[in-house]
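Structure data (PDB, C-alpha atoms, pLDDT in the B column) from run02.pdb:
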MODEL        1
ATOM      1  CA  ALA A 161     -22.061 130.547  25.557  1.00 71.00           C
ATOM      2  CA  GLN A 162     -19.844 132.223  23.014  1.00 78.00           C
ATOM      3  CA  SER A 163     -16.873 134.532  23.374  1.00 86.00           C
ATOM      4  CA  VAL A 164     -14.003 135.896  21.330  1.00 91.00           C
ATOM      5  CA  THR A 165     -10.499 136.998  22.222  1.00 95.00           C
ATOM      6  CA  GLN A 166      -8.605 139.430  20.084  1.00 96.00           C
ATOM      7  CA  LEU A 167      -4.864 139.181  20.524  1.00 94.00           C
ATOM      8  CA  GLY A 168      -3.229 142.574  20.524  1.00 92.00           C
ATOM      9  CA  SER A 169      -5.118 145.750  21.334  1.00 93.00           C
ATOM     10  CA  HIS A 170      -2.861 147.733  18.986  1.00 96.00           C
ATOM     11  CA  VAL A 171      -1.262 146.684  15.717  1.00 97.00           C
ATOM     12  CA  SER A 172       0.968 148.944  13.654  1.00 97.00           C
ATOM     13  CA  VAL A 173       2.029 148.202  10.087  1.00 97.00           C
ATOM     14  CA  SER A 174       3.660 150.118   7.288  1.00 97.00           C
ATOM     15  CA  GLU A 175       1.711 151.070   4.202  1.00 97.00           C
ATOM     16  CA  GLY A 176       1.905 148.179   1.746  1.00 97.00           C
ATOM     17  CA  ALA A 177       2.681 145.593   4.426  1.00 97.00           C
ATOM     18  CA  LEU A 178       0.598 142.586   5.373  1.00 97.00           C
ATOM     19  CA  VAL A 179      -2.178 143.161   7.889  1.00 98.00           C
ATOM     20  CA  LEU A 180      -2.880 140.311  10.331  1.00 98.00           C
ATOM     21  CA  LEU A 181      -5.419 140.784  13.129  1.00 98.00           C
ATOM     22  CA  ARG A 182      -5.938 137.789  15.377  1.00 97.00           C
ATOM     23  CA  CYS A 183      -9.181 136.442  16.757  1.00 97.00           C
ATOM     24  CA  ASN A 184      -9.857 133.233  18.668  1.00 96.00           C
ATOM     25  CA  TYR A 185     -13.342 132.121  19.550  1.00 92.00           C
ATOM     26  CA  SER A 186     -15.049 129.888  22.039  1.00 88.00           C
ATOM     27  CA  SER A 187     -18.448 128.462  21.275  1.00 79.00           C
ATOM     28  CA  SER A 188     -20.509 125.509  22.418  1.00 74.00           C
ATOM     29  CA  VAL A 189     -22.382 125.456  19.105  1.00 74.00           C
ATOM     30  CA  PRO A 190     -21.225 125.935  15.519  1.00 76.00           C
ATOM     31  CA  PRO A 191     -20.476 129.633  15.464  1.00 83.00           C
ATOM     32  CA  TYR A 192     -21.242 132.491  13.179  1.00 88.00           C
ATOM     33  CA  LEU A 193     -18.171 134.729  13.106  1.00 91.00           C
ATOM     34  CA  PHE A 194     -17.874 138.324  12.021  1.00 93.00           C
ATOM     35  CA  TRP A 195     -15.347 141.073  11.563  1.00 96.00           C
ATOM     36  CA  TYR A 196     -16.511 144.655  11.877  1.00 95.00           C
ATOM     37  CA  VAL A 197     -14.569 147.879  11.353  1.00 96.00           C
ATOM     38  CA  GLN A 198     -15.167 151.143  13.169  1.00 94.00           C
ATOM     39  CA  TYR A 199     -13.742 154.366  11.804  1.00 92.00           C
ATOM     40  CA  PRO A 200     -13.399 157.336  14.178  1.00 86.00           C
ATOM     41  CA  ASN A 201     -16.739 158.792  15.255  1.00 80.00           C
ATOM     42  CA  GLN A 202     -18.680 156.272  13.222  1.00 85.00           C
ATOM     43  CA  GLY A 203     -20.713 153.133  13.785  1.00 87.00           C
ATOM     44  CA  LEU A 204     -19.571 149.598  13.067  1.00 92.00           C
ATOM     45  CA  GLN A 205     -19.450 148.401   9.483  1.00 92.00           C
ATOM     46  CA  LEU A 206     -19.508 144.739   8.539  1.00 92.00           C
ATOM     47  CA  LEU A 207     -16.302 143.605   6.808  1.00 95.00           C
ATOM     48  CA  LEU A 208     -17.116 139.927   6.395  1.00 94.00           C
ATOM     49  CA  LYS A 209     -18.876 136.989   8.017  1.00 91.00           C
ATOM     50  CA  TYR A 210     -18.519 133.236   8.303  1.00 90.00           C
ATOM     51  CA  THR A 211     -21.687 131.157   8.457  1.00 83.00           C
ATOM     52  CA  SER A 212     -20.406 127.593   7.941  1.00 78.00           C
ATOM     53  CA  ALA A 213     -20.052 127.753   4.169  1.00 76.00           C
ATOM     54  CA  ALA A 214     -16.538 128.268   2.731  1.00 84.00           C
ATOM     55  CA  THR A 215     -13.816 128.486   5.379  1.00 89.00           C
ATOM     56  CA  LEU A 216     -12.026 131.297   3.531  1.00 94.00           C
ATOM     57  CA  VAL A 217     -14.262 134.339   3.556  1.00 94.00           C
ATOM     58  CA  LYS A 218     -13.645 137.369   1.401  1.00 95.00           C
ATOM     59  CA  GLY A 219     -14.915 140.737   2.551  1.00 94.00           C
ATOM     60  CA  ILE A 220     -14.894 144.336   1.503  1.00 93.00           C
ATOM     61  CA  ASN A 221     -11.833 146.543   1.021  1.00 93.00           C
ATOM     62  CA  GLY A 222      -9.578 143.577   0.211  1.00 96.00           C
ATOM     63  CA  PHE A 223      -9.897 141.892   3.599  1.00 97.00           C
ATOM     64  CA  GLU A 224     -10.364 138.177   4.098  1.00 97.00           C
ATOM     65  CA  ALA A 225     -10.506 135.774   7.017  1.00 97.00           C
ATOM     66  CA  GLU A 226     -10.060 132.054   7.374  1.00 95.00           C
ATOM     67  CA  PHE A 227     -12.085 129.887   9.752  1.00 94.00           C
ATOM     68  CA  LYS A 228      -9.879 127.229  11.328  1.00 93.00           C
ATOM     69  CA  LYS A 229     -11.892 124.945  13.564  1.00 90.00           C
ATOM     70  CA  SER A 230      -8.855 123.034  14.822  1.00 91.00           C
ATOM     71  CA  GLU A 231      -7.308 126.270  16.047  1.00 93.00           C
ATOM     72  CA  THR A 232     -10.639 127.952  16.970  1.00 93.00           C
ATOM     73  CA  SER A 233      -9.392 130.961  15.073  1.00 95.00           C
ATOM     74  CA  PHE A 234     -10.783 133.477  12.615  1.00 96.00           C
ATOM     75  CA  HIS A 235      -7.871 135.786  11.813  1.00 97.00           C
ATOM     76  CA  LEU A 236      -8.343 138.778   9.533  1.00 98.00           C
ATOM     77  CA  THR A 237      -5.779 139.517   6.823  1.00 98.00           C
ATOM     78  CA  LYS A 238      -5.113 141.954   4.031  1.00 98.00           C
ATOM     79  CA  PRO A 239      -2.094 141.539   1.751  1.00 97.00           C
ATOM     80  CA  SER A 240      -1.237 145.223   1.474  1.00 97.00           C
ATOM     81  CA  ALA A 241      -2.226 147.872   4.005  1.00 97.00           C
ATOM     82  CA  HIS A 242      -3.519 151.230   2.914  1.00 96.00           C
ATOM     83  CA  MET A 243      -3.591 154.405   4.964  1.00 96.00           C
ATOM     84  CA  SER A 244      -7.394 154.322   4.838  1.00 95.00           C
ATOM     85  CA  ASP A 245      -7.372 150.977   6.709  1.00 96.00           C
ATOM     86  CA  ALA A 246      -6.470 152.734   9.955  1.00 96.00           C
ATOM     87  CA  ALA A 247      -9.418 152.026  12.261  1.00 96.00           C
ATOM     88  CA  GLU A 248     -10.605 149.805  15.102  1.00 96.00           C
ATOM     89  CA  TYR A 249     -11.465 146.234  14.180  1.00 97.00           C
ATOM     90  CA  PHE A 250     -13.816 144.008  16.126  1.00 96.00           C
ATOM     91  CA  CYS A 251     -14.219 140.268  15.917  1.00 95.00           C
ATOM     92  CA  ALA A 252     -17.616 138.924  16.989  1.00 92.00           C
ATOM     93  CA  VAL A 253     -19.333 135.578  17.468  1.00 88.00           C
ATOM     94  CA  SER A 254     -22.967 134.561  17.691  1.00 82.00           C
ATOM     95  CA  GLY A 255     -24.821 131.301  18.019  1.00 70.00           C
ATOM     96  CA  ALA A 256     -25.890 129.685  14.783  1.00 54.00           C
ATOM     97  CA  LEU A 257     -29.622 129.775  15.311  1.00 50.00           C
ATOM     98  CA  GLY A 258     -32.204 131.087  17.666  1.00 49.00           C
ATOM     99  CA  ASN A 259     -30.656 133.580  20.008  1.00 56.00           C
ATOM    100  CA  ASN A 260     -28.566 136.065  18.073  1.00 61.00           C
ATOM    101  CA  ASP A 261     -26.747 137.299  21.140  1.00 71.00           C
ATOM    102  CA  MET A 262     -23.575 138.600  19.530  1.00 80.00           C
ATOM    103  CA  ARG A 263     -20.418 138.852  21.629  1.00 85.00           C
ATOM    104  CA  PHE A 264     -17.661 141.205  20.578  1.00 89.00           C
ATOM    105  CA  GLY A 265     -13.954 141.101  21.240  1.00 92.00           C
ATOM    106  CA  ALA A 266     -12.194 144.019  22.871  1.00 92.00           C
ATOM    107  CA  GLY A 267     -11.103 145.383  19.521  1.00 94.00           C
ATOM    108  CA  THR A 268      -7.759 145.935  17.805  1.00 97.00           C
ATOM    109  CA  ARG A 269      -6.680 149.398  16.772  1.00 96.00           C
ATOM    110  CA  LEU A 270      -4.808 149.292  13.483  1.00 97.00           C
ATOM    111  CA  THR A 271      -2.327 152.051  12.722  1.00 97.00           C
ATOM    112  CA  VAL A 272      -0.837 152.350   9.242  1.00 97.00           C
ATOM    113  CA  LYS A 273       2.474 154.191   8.939  1.00 96.00           C
ATOM    114  CA  PRO A 274       3.448 155.937   5.707  1.00 94.00           C
TER     115      PRO A 274
ATOM    116  CA  ASP B 132     -24.837 154.361   5.272  1.00 81.00           C
ATOM    117  CA  SER B 133     -26.243 151.208   6.893  1.00 85.00           C
ATOM    118  CA  GLY B 134     -29.870 152.332   6.713  1.00 92.00           C
ATOM    119  CA  VAL B 135     -30.202 152.300  10.513  1.00 96.00           C
ATOM    120  CA  THR B 136     -30.909 155.714  11.993  1.00 96.00           C
ATOM    121  CA  GLN B 137     -30.393 156.859  15.554  1.00 97.00           C
ATOM    122  CA  THR B 138     -31.412 160.057  17.271  1.00 97.00           C
ATOM    123  CA  PRO B 139     -30.128 162.145  18.819  1.00 96.00           C
ATOM    124  CA  LYS B 140     -26.508 162.059  17.730  1.00 95.00           C
ATOM    125  CA  HIS B 141     -25.295 163.675  20.932  1.00 96.00           C
ATOM    126  CA  LEU B 142     -26.929 164.000  24.319  1.00 97.00           C
ATOM    127  CA  ILE B 143     -25.578 165.849  27.355  1.00 97.00           C
ATOM    128  CA  THR B 144     -27.421 165.559  30.629  1.00 97.00           C
ATOM    129  CA  ALA B 145     -26.905 165.554  34.373  1.00 97.00           C
ATOM    130  CA  THR B 146     -26.695 162.767  36.917  1.00 97.00           C
ATOM    131  CA  GLY B 147     -30.047 161.515  38.111  1.00 97.00           C
ATOM    132  CA  GLN B 148     -31.830 162.435  34.899  1.00 97.00           C
ATOM    133  CA  ARG B 149     -33.660 160.208  32.424  1.00 97.00           C
ATOM    134  CA  VAL B 150     -33.118 160.100  28.659  1.00 98.00           C
ATOM    135  CA  THR B 151     -34.599 158.259  25.712  1.00 98.00           C
ATOM    136  CA  LEU B 152     -32.596 157.125  22.714  1.00 98.00           C
ATOM    137  CA  ARG B 153     -34.367 156.278  19.505  1.00 98.00           C
ATOM    138  CA  CYS B 154     -33.544 153.821  16.738  1.00 98.00           C
ATOM    139  CA  SER B 155     -35.188 153.152  13.382  1.00 98.00           C
ATOM    140  CA  PRO B 156     -34.129 149.853  11.795  1.00 97.00           C
ATOM    141  CA  ARG B 157     -33.466 149.230   8.121  1.00 96.00           C
ATOM    142  CA  SER B 158     -36.563 148.779   6.040  1.00 95.00           C
ATOM    143  CA  GLY B 159     -37.712 145.169   6.353  1.00 93.00           C
ATOM    144  CA  ASP B 160     -35.646 144.338   9.423  1.00 95.00           C
ATOM    145  CA  LEU B 161     -37.604 142.893  12.337  1.00 95.00           C
ATOM    146  CA  SER B 162     -34.802 142.676  14.896  1.00 93.00           C
ATOM    147  CA  VAL B 163     -33.320 145.565  16.839  1.00 95.00           C
ATOM    148  CA  TYR B 164     -30.312 145.302  19.154  1.00 94.00           C
ATOM    149  CA  TRP B 165     -28.838 147.801  21.580  1.00 95.00           C
ATOM    150  CA  TYR B 166     -25.168 148.003  22.522  1.00 94.00           C
ATOM    151  CA  GLN B 167     -23.147 150.193  24.831  1.00 95.00           C
ATOM    152  CA  GLN B 168     -19.560 151.109  23.964  1.00 93.00           C
ATOM    153  CA  SER B 169     -17.316 152.616  26.609  1.00 91.00           C
ATOM    154  CA  LEU B 170     -13.574 152.823  27.072  1.00 84.00           C
ATOM    155  CA  ASP B 171     -13.475 150.575  30.107  1.00 84.00           C
ATOM    156  CA  GLN B 172     -16.156 148.012  29.147  1.00 84.00           C
ATOM    157  CA  GLY B 173     -15.721 147.845  25.404  1.00 85.00           C
ATOM    158  CA  LEU B 174     -18.711 146.930  23.256  1.00 88.00           C
ATOM    159  CA  GLN B 175     -21.433 145.337  25.375  1.00 89.00           C
ATOM    160  CA  PHE B 176     -24.655 143.778  24.172  1.00 88.00           C
ATOM    161  CA  LEU B 177     -27.626 145.182  26.077  1.00 93.00           C
ATOM    162  CA  ILE B 178     -30.860 143.812  24.640  1.00 93.00           C
ATOM    163  CA  HIS B 179     -32.473 142.330  21.535  1.00 92.00           C
ATOM    164  CA  TYR B 180     -36.050 142.766  20.326  1.00 94.00           C
ATOM    165  CA  TYR B 181     -37.664 140.837  17.522  1.00 93.00           C
ATOM    166  CA  ASN B 182     -40.955 141.994  16.035  1.00 94.00           C
ATOM    167  CA  GLY B 183     -41.960 143.776  19.207  1.00 95.00           C
ATOM    168  CA  GLU B 184     -40.938 141.122  21.698  1.00 94.00           C
ATOM    169  CA  GLU B 185     -37.873 140.918  23.884  1.00 93.00           C
ATOM    170  CA  ARG B 186     -35.655 138.141  22.585  1.00 89.00           C
ATOM    171  CA  ALA B 187     -32.475 138.287  24.635  1.00 87.00           C
ATOM    172  CA  LYS B 188     -30.943 140.303  27.427  1.00 88.00           C
ATOM    173  CA  GLY B 189     -27.283 140.998  27.945  1.00 86.00           C
ATOM    174  CA  ASN B 190     -25.524 143.247  30.416  1.00 81.00           C
ATOM    175  CA  ILE B 191     -28.386 145.666  30.796  1.00 91.00           C
ATOM    176  CA  LEU B 192     -28.807 147.492  34.085  1.00 93.00           C
ATOM    177  CA  GLU B 193     -32.167 147.566  35.851  1.00 95.00           C
ATOM    178  CA  ARG B 194     -32.170 151.359  35.414  1.00 96.00           C
ATOM    179  CA  PHE B 195     -32.265 150.784  31.655  1.00 97.00           C
ATOM    180  CA  SER B 196     -35.236 149.567  29.675  1.00 96.00           C
ATOM    181  CA  ALA B 197     -36.168 149.253  26.045  1.00 97.00           C
ATOM    182  CA  GLN B 198     -39.119 148.559  23.846  1.00 97.00           C
ATOM    183  CA  GLN B 199     -39.900 147.993  20.208  1.00 98.00           C
ATOM    184  CA  PHE B 200     -43.035 149.554  18.807  1.00 97.00           C
ATOM    185  CA  PRO B 201     -45.492 148.216  16.186  1.00 96.00           C
ATOM    186  CA  ASP B 202     -43.745 150.250  13.478  1.00 95.00           C
ATOM    187  CA  LEU B 203     -40.544 148.418  14.573  1.00 97.00           C
ATOM    188  CA  HIS B 204     -38.647 151.444  15.805  1.00 97.00           C
ATOM    189  CA  SER B 205     -37.102 151.023  19.217  1.00 98.00           C
ATOM    190  CA  GLU B 206     -36.374 153.210  22.191  1.00 98.00           C
ATOM    191  CA  LEU B 207     -33.809 152.727  24.926  1.00 98.00           C
ATOM    192  CA  ASN B 208     -34.672 154.462  28.182  1.00 98.00           C
ATOM    193  CA  LEU B 209     -31.917 155.252  30.647  1.00 97.00           C
ATOM    194  CA  SER B 210     -32.925 156.525  34.069  1.00 97.00           C
ATOM    195  CA  SER B 211     -31.228 157.680  37.284  1.00 97.00           C
ATOM    196  CA  LEU B 212     -28.194 158.390  35.163  1.00 97.00           C
ATOM    197  CA  GLU B 213     -24.723 158.092  36.635  1.00 96.00           C
ATOM    198  CA  LEU B 214     -21.389 159.406  35.415  1.00 96.00           C
ATOM    199  CA  GLY B 215     -20.446 155.876  34.402  1.00 94.00           C
ATOM    200  CA  ASP B 216     -23.330 155.707  31.941  1.00 96.00           C
ATOM    201  CA  SER B 217     -21.477 158.084  29.656  1.00 96.00           C
ATOM    202  CA  ALA B 218     -20.849 156.055  26.515  1.00 96.00           C
ATOM    203  CA  LEU B 219     -21.706 155.531  22.895  1.00 95.00           C
ATOM    204  CA  TYR B 220     -24.973 153.672  22.462  1.00 97.00           C
ATOM    205  CA  PHE B 221     -25.420 151.782  19.234  1.00 96.00           C
ATOM    206  CA  CYS B 222     -28.485 150.282  17.721  1.00 96.00           C
ATOM    207  CA  ALA B 223     -28.267 147.515  15.146  1.00 94.00           C
ATOM    208  CA  SER B 224     -30.906 145.752  13.086  1.00 94.00           C
ATOM    209  CA  SER B 225     -31.208 142.510  11.196  1.00 91.00           C
ATOM    210  CA  VAL B 226     -33.837 140.741   9.141  1.00 89.00           C
ATOM    211  CA  GLY B 227     -34.391 137.853  11.520  1.00 82.00           C
ATOM    212  CA  VAL B 228     -32.890 136.553  14.720  1.00 76.00           C
ATOM    213  CA  ALA B 229     -29.696 135.045  13.359  1.00 69.00           C
ATOM    214  CA  ASP B 230     -28.777 137.337  10.519  1.00 78.00           C
ATOM    215  CA  THR B 231     -26.072 139.908   9.964  1.00 83.00           C
ATOM    216  CA  GLN B 232     -26.506 142.962  12.134  1.00 88.00           C
ATOM    217  CA  TYR B 233     -26.216 146.418  10.610  1.00 92.00           C
ATOM    218  CA  PHE B 234     -25.225 149.207  12.951  1.00 93.00           C
ATOM    219  CA  GLY B 235     -26.440 152.755  13.242  1.00 95.00           C
ATOM    220  CA  PRO B 236     -24.088 155.723  13.747  1.00 93.00           C
ATOM    221  CA  GLY B 237     -24.647 155.749  17.499  1.00 95.00           C
ATOM    222  CA  THR B 238     -25.737 158.232  20.153  1.00 97.00           C
ATOM    223  CA  ARG B 239     -23.018 159.717  22.308  1.00 96.00           C
ATOM    224  CA  LEU B 240     -24.314 160.211  25.834  1.00 97.00           C
ATOM    225  CA  THR B 241     -22.424 162.440  28.231  1.00 97.00           C
ATOM    226  CA  VAL B 242     -23.542 162.539  31.855  1.00 97.00           C
ATOM    227  CA  LEU B 243     -22.164 165.479  33.835  1.00 96.00           C
TER     228      LEU B 243
ENDMDL
END
Rewrite the structure from the file as structure tokens, please.
Amino acid sequence: AQSVTQLGSHVSVSEGALVLLRCNYSSSVPPYLFWYVQYPNQGLQLLLKYTSAATLVKGINGFEAEFKKSETSFHLTKPSAHMSDAAEYFCAVSGALGNNDMRFGAGTRLTVKP
Amino acid sequence: DSGVTQTPKHLITATGQRVTLRCSPRSGDLSVYWYQQSLDQGLQFLIHYYNGEERAKGNILERFSAQQFPDLHSELNLSSLELGDSALYFCASSVGVADTQYFGPGTRLTVL
């Protein structure tokens, strides 16, 4: 069974500052890992995904995440926050093959201060 | 725009009633997933269909059921509705069973 834990339900940064959203996973099989973003009153949009290729994954809008097996982590970063980055971010994990039963973390709400 | 469509966008109904939510996957996608998002439970996986057959079940109540039709659209049926069923219901689709899921805009259900 797979699960993810997102550390920090709320993160606040200043515009131009580094964004770091934390995600740790638990999986009995090699995981597929995802970050999704949800803007107010909208559905989830895929930011990036890890599927056992390169450990550093680049996504849209300047975000990237690094898969660290030794730390069972998949933290999301962006060097410089923009006001438009304010949203809810979800980390998710699914099994590599077969049953694509995706499990989501509780989400982290990112606030960007001017 | 993910290419996944959901109708209706909003639904207001009373306790004890039954509703049907509809989802059309992206062109070419064979898998459809349903999720429930509420403040207290977060984002919960409900059920997964692949090419018309149930593939996986998550935290789906017995009062809820779903199906995927030959044209690959899916419907989620919620019956004997309770106040606690008020939530956002998302549909997602993917090409196969282990591919990236693309989410629809959701249906907001309010049970009064």
Quiz prompt | chain B contacts on chain A, all atoms listed in the file, 10 Å, as a ChimeraX atom specification | solution = /A:192-194,196,201-206,208-209,211,250,254-267
Quiz item: Please, what distance in Å, to one decimal, runs between CA of Val173 (chain A) and CA of Ala225 (chain A)?
Solution: 17.9 Å
The PyMOL selection byres ((chain A and resi 234) around 8) resolved against shown file, as a compact mmCIF listing (two decimals) with C-alpha atoms, keeping the file's coordinate frame:
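The result, written out as part00.txt:
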# COMPACT_ATOMS: atom_id res chain seq x y z
CA ARG A 182 -5.94 137.79 15.38
CA CYS A 183 -9.18 136.44 16.76
CA ASN A 184 -9.86 133.23 18.67
CA TYR A 185 -13.34 132.12 19.55
CA LEU A 193 -18.17 134.73 13.11
CA ALA A 225 -10.51 135.77 7.02
CA GLU A 226 -10.06 132.05 7.37
CA PHE A 227 -12.08 129.89 9.75
CA LYS A 228 -9.88 127.23 11.33
CA THR A 232 -10.64 127.95 16.97
CA SER A 233 -9.39 130.96 15.07
CA HIS A 235 -7.87 135.79 11.81
CA LEU A 236 -8.34 138.78 9.53
Exercise. Name the residues captured by the PyMOL selection byres ((chain B and resi 183) around 10) when it is applied to the shown file; answer as number ranges by chain.
Key: B: 161-163, 179-182, 184-186, 198-205
Residue subset to file, keeping C-alpha atoms, as a PDB file, in the frame of the given file:
ATOM      1  CA  LEU B 161     -37.604 142.893  12.337  1.00 95.00           C
ATOM      2  CA  SER B 162     -34.802 142.676  14.896  1.00 93.00           C
ATOM      3  CA  VAL B 163     -33.320 145.565  16.839  1.00 95.00           C
ATOM      4  CA  HIS B 179     -32.473 142.330  21.535  1.00 92.00           C
ATOM      5  CA  TYR B 180     -36.050 142.766  20.326  1.00 94.00           C
ATOM      6  CA  TYR B 181     -37.664 140.837  17.522  1.00 93.00           C
ATOM      7  CA  ASN B 182     -40.955 141.994  16.035  1.00 94.00           C
ATOM      8  CA  GLU B 184     -40.938 141.122  21.698  1.00 94.00           C
ATOM      9  CA  GLU B 185     -37.873 140.918  23.884  1.00 93.00           C
ATOM     10  CA  ARG B 186     -35.655 138.141  22.585  1.00 89.00           C
ATOM     11  CA  GLN B 198     -39.119 148.559  23.846  1.00 97.00           C
ATOM     12  CA  GLN B 199     -39.900 147.993  20.208  1.00 98.00           C
ATOM     13  CA  PHE B 200     -43.035 149.554  18.807  1.00 97.00           C
ATOM     14  CA  PRO B 201     -45.492 148.216  16.186  1.00 96.00           C
ATOM     15  CA  ASP B 202     -43.745 150.250  13.478  1.00 95.00           C
ATOM     16  CA  LEU B 203     -40.544 148.418  14.573  1.00 97.00           C
ATOM     17  CA  HIS B 204     -38.647 151.444  15.805  1.00 97.00           C
ATOM     18  CA  SER B 205     -37.102 151.023  19.217  1.00 98.00           C
TER      19      SER B 205
END
Quiz item: In terms of the shortest atom-to-atom distance over all atoms listed in the file, which of B:Gln167, B:Ser224, B:Asn208, B:Thr136 is closest to Arg149 (chain B)?
Solution: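 With all atoms listed in the file as the atom set, the closest residue is B:Asn208.
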Quiz item: Please, what distance in Å, to one decimal, runs between CA of Leu212 (chain B) and CA of Val242 (chain B)?
Solution: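 Those two atoms sit 7.1 Å apart.
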Quiz item: Just how far from CA of Val226 (chain B) is CA of Ser163 (chain A), in Å to one decimal?
Solution: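 So the two atoms, CA of Ser163 (chain A) and CA of Val226 (chain B), lie 23.0 Å apart.
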Exercise. I would like the residues chosen by the PyMOL selection byres ((chain B and resi 210) around 8) on the shown file; could you give them as an MDAnalysis selection string?
Key: chainID B and resid 147:150 194:195 208:209 211:212
Practice problem: Between A:Ser188, A:Thr215, A:Thr271, A:Gln198, single out the one closest to Ala161 (chain A), counting only C-alpha atoms. | Solution: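 Once distances to Ala161 (chain A) are computed over only C-alpha atoms, the minimum belongs to A:Ser188.
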Using all atoms of region 178-182 of chain A that appear in the file, construct an axis-aligned enclosing box with 5 Å of padding on every side and provide its centre coordinates and edge lengths in Å, rounded to one decimal, as lines of an AutoDock Vina configuration file.
center_x = -2.7
center_y = 140.5
center_z = 10.4
size_x = 16.5
size_y = 15.4
size_z = 20.0
Name all residues at most 10 Å from Leu214 (chain B) (count only C-alpha atoms; drop same-chain ones fewer than 2 positions away) and give them as a JSON list (two decimals) with C-alpha atoms, in the coordinates of the input.
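Written file, selection-v1.json:
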[["chain", "number", "residue", "atom", "x", "y", "z"],
["B", 144, "THR", "CA", -27.42, 165.56, 30.63],
["B", 145, "ALA", "CA", -26.90, 165.55, 34.37],
["B", 146, "THR", "CA", -26.70, 162.77, 36.92],
["B", 147, "GLY", "CA", -30.05, 161.51, 38.11],
["B", 212, "LEU", "CA", -28.19, 158.39, 35.16],
["B", 216, "ASP", "CA", -23.33, 155.71, 31.94],
["B", 217, "SER", "CA", -21.48, 158.08, 29.66],
["B", 218, "ALA", "CA", -20.85, 156.06, 26.52],
["B", 241, "THR", "CA", -22.42, 162.44, 28.23],
["B", 242, "VAL", "CA", -23.54, 162.54, 31.86],
["B", 243, "LEU", "CA", -22.16, 165.48, 33.84]]
Would you pick out the contacts of Pro139 (chain B) at 7 Å or less, using all atoms listed in the file, so that residues sharing its chain but fewer than 2 positions from it are not included, and give the list as a PDB file with C-alpha atoms, in the coordinates of the input?
ATOM      1  CA  GLN B 137     -30.393 156.859  15.554  1.00 97.00           C
ATOM      2  CA  HIS B 141     -25.295 163.675  20.932  1.00 96.00           C
ATOM      3  CA  LEU B 142     -26.929 164.000  24.319  1.00 97.00           C
ATOM      4  CA  LEU B 152     -32.596 157.125  22.714  1.00 98.00           C
ATOM      5  CA  THR B 238     -25.737 158.232  20.153  1.00 97.00           C
TER       6      THR B 238
END
Coordinates of region 190-200 of chain B, N, CA, C and O atoms, as a PDB file, in the first residue's frame:
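That gives us out20.pdb:
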ATOM      1  N   ASN B 190     -12.328   4.383  -1.034  1.00  0.00           N
ATOM      2  CA  ASN B 190     -13.244   4.635   0.076  1.00  0.00           C
ATOM      3  C   ASN B 190     -14.640   4.995  -0.410  1.00  0.00           C
ATOM      4  O   ASN B 190     -15.169   6.041  -0.080  1.00  0.00           O
ATOM      5  N   ILE B 191     -15.237   4.110  -1.168  1.00  0.00           N
ATOM      6  CA  ILE B 191     -16.543   4.403  -1.727  1.00  0.00           C
ATOM      7  C   ILE B 191     -17.625   3.759  -0.880  1.00  0.00           C
ATOM      8  O   ILE B 191     -17.555   2.578  -0.542  1.00  0.00           O
ATOM      9  N   LEU B 192     -18.628   4.567  -0.516  1.00  0.00           N
ATOM     10  CA  LEU B 192     -19.716   4.070   0.310  1.00  0.00           C
ATOM     11  C   LEU B 192     -20.617   3.142  -0.502  1.00  0.00           C
ATOM     12  O   LEU B 192     -20.693   3.230  -1.726  1.00  0.00           O
ATOM     13  N   GLU B 193     -21.348   2.281   0.209  1.00  0.00           N
ATOM     14  CA  GLU B 193     -22.263   1.369  -0.486  1.00  0.00           C
ATOM     15  C   GLU B 193     -23.406   2.117  -1.154  1.00  0.00           C
ATOM     16  O   GLU B 193     -23.996   1.631  -2.130  1.00  0.00           O
ATOM     17  N   ARG B 194     -23.718   3.322  -0.651  1.00  0.00           N
ATOM     18  CA  ARG B 194     -24.776   4.142  -1.249  1.00  0.00           C
ATOM     19  C   ARG B 194     -24.338   4.749  -2.590  1.00  0.00           C
ATOM     20  O   ARG B 194     -25.136   5.323  -3.307  1.00  0.00           O
ATOM     21  N   PHE B 195     -23.055   4.643  -2.874  1.00  0.00           N
ATOM     22  CA  PHE B 195     -22.512   5.209  -4.115  1.00  0.00           C
ATOM     23  C   PHE B 195     -22.211   4.077  -5.093  1.00  0.00           C
ATOM     24  O   PHE B 195     -21.742   2.999  -4.691  1.00  0.00           O
ATOM     25  N   SER B 196     -22.427   4.350  -6.360  1.00  0.00           N
ATOM     26  CA  SER B 196     -22.057   3.373  -7.379  1.00  0.00           C
ATOM     27  C   SER B 196     -21.629   4.117  -8.627  1.00  0.00           C
ATOM     28  O   SER B 196     -21.930   5.305  -8.786  1.00  0.00           O
ATOM     29  N   ALA B 197     -20.910   3.433  -9.467  1.00  0.00           N
ATOM     30  CA  ALA B 197     -20.446   4.058 -10.708  1.00  0.00           C
ATOM     31  C   ALA B 197     -20.469   3.053 -11.826  1.00  0.00           C
ATOM     32  O   ALA B 197     -20.558   1.842 -11.603  1.00  0.00           O
ATOM     33  N   GLN B 198     -20.404   3.555 -13.030  1.00  0.00           N
ATOM     34  CA  GLN B 198     -20.248   2.682 -14.184  1.00  0.00           C
ATOM     35  C   GLN B 198     -19.581   3.460 -15.309  1.00  0.00           C
ATOM     36  O   GLN B 198     -19.612   4.699 -15.321  1.00  0.00           O
ATOM     37  N   GLN B 199     -18.980   2.706 -16.209  1.00  0.00           N
ATOM     38  CA  GLN B 199     -18.380   3.290 -17.395  1.00  0.00           C
ATOM     39  C   GLN B 199     -19.054   2.648 -18.599  1.00  0.00           C
ATOM     40  O   GLN B 199     -19.125   1.431 -18.720  1.00  0.00           O
ATOM     41  N   PHE B 200     -19.501   3.471 -19.499  1.00  0.00           N
ATOM     42  CA  PHE B 200     -20.294   3.023 -20.634  1.00  0.00           C
ATOM     43  C   PHE B 200     -19.402   2.711 -21.841  1.00  0.00           C
ATOM     44  O   PHE B 200     -18.230   3.053 -21.862  1.00  0.00           O
TER      45      PHE B 200
END
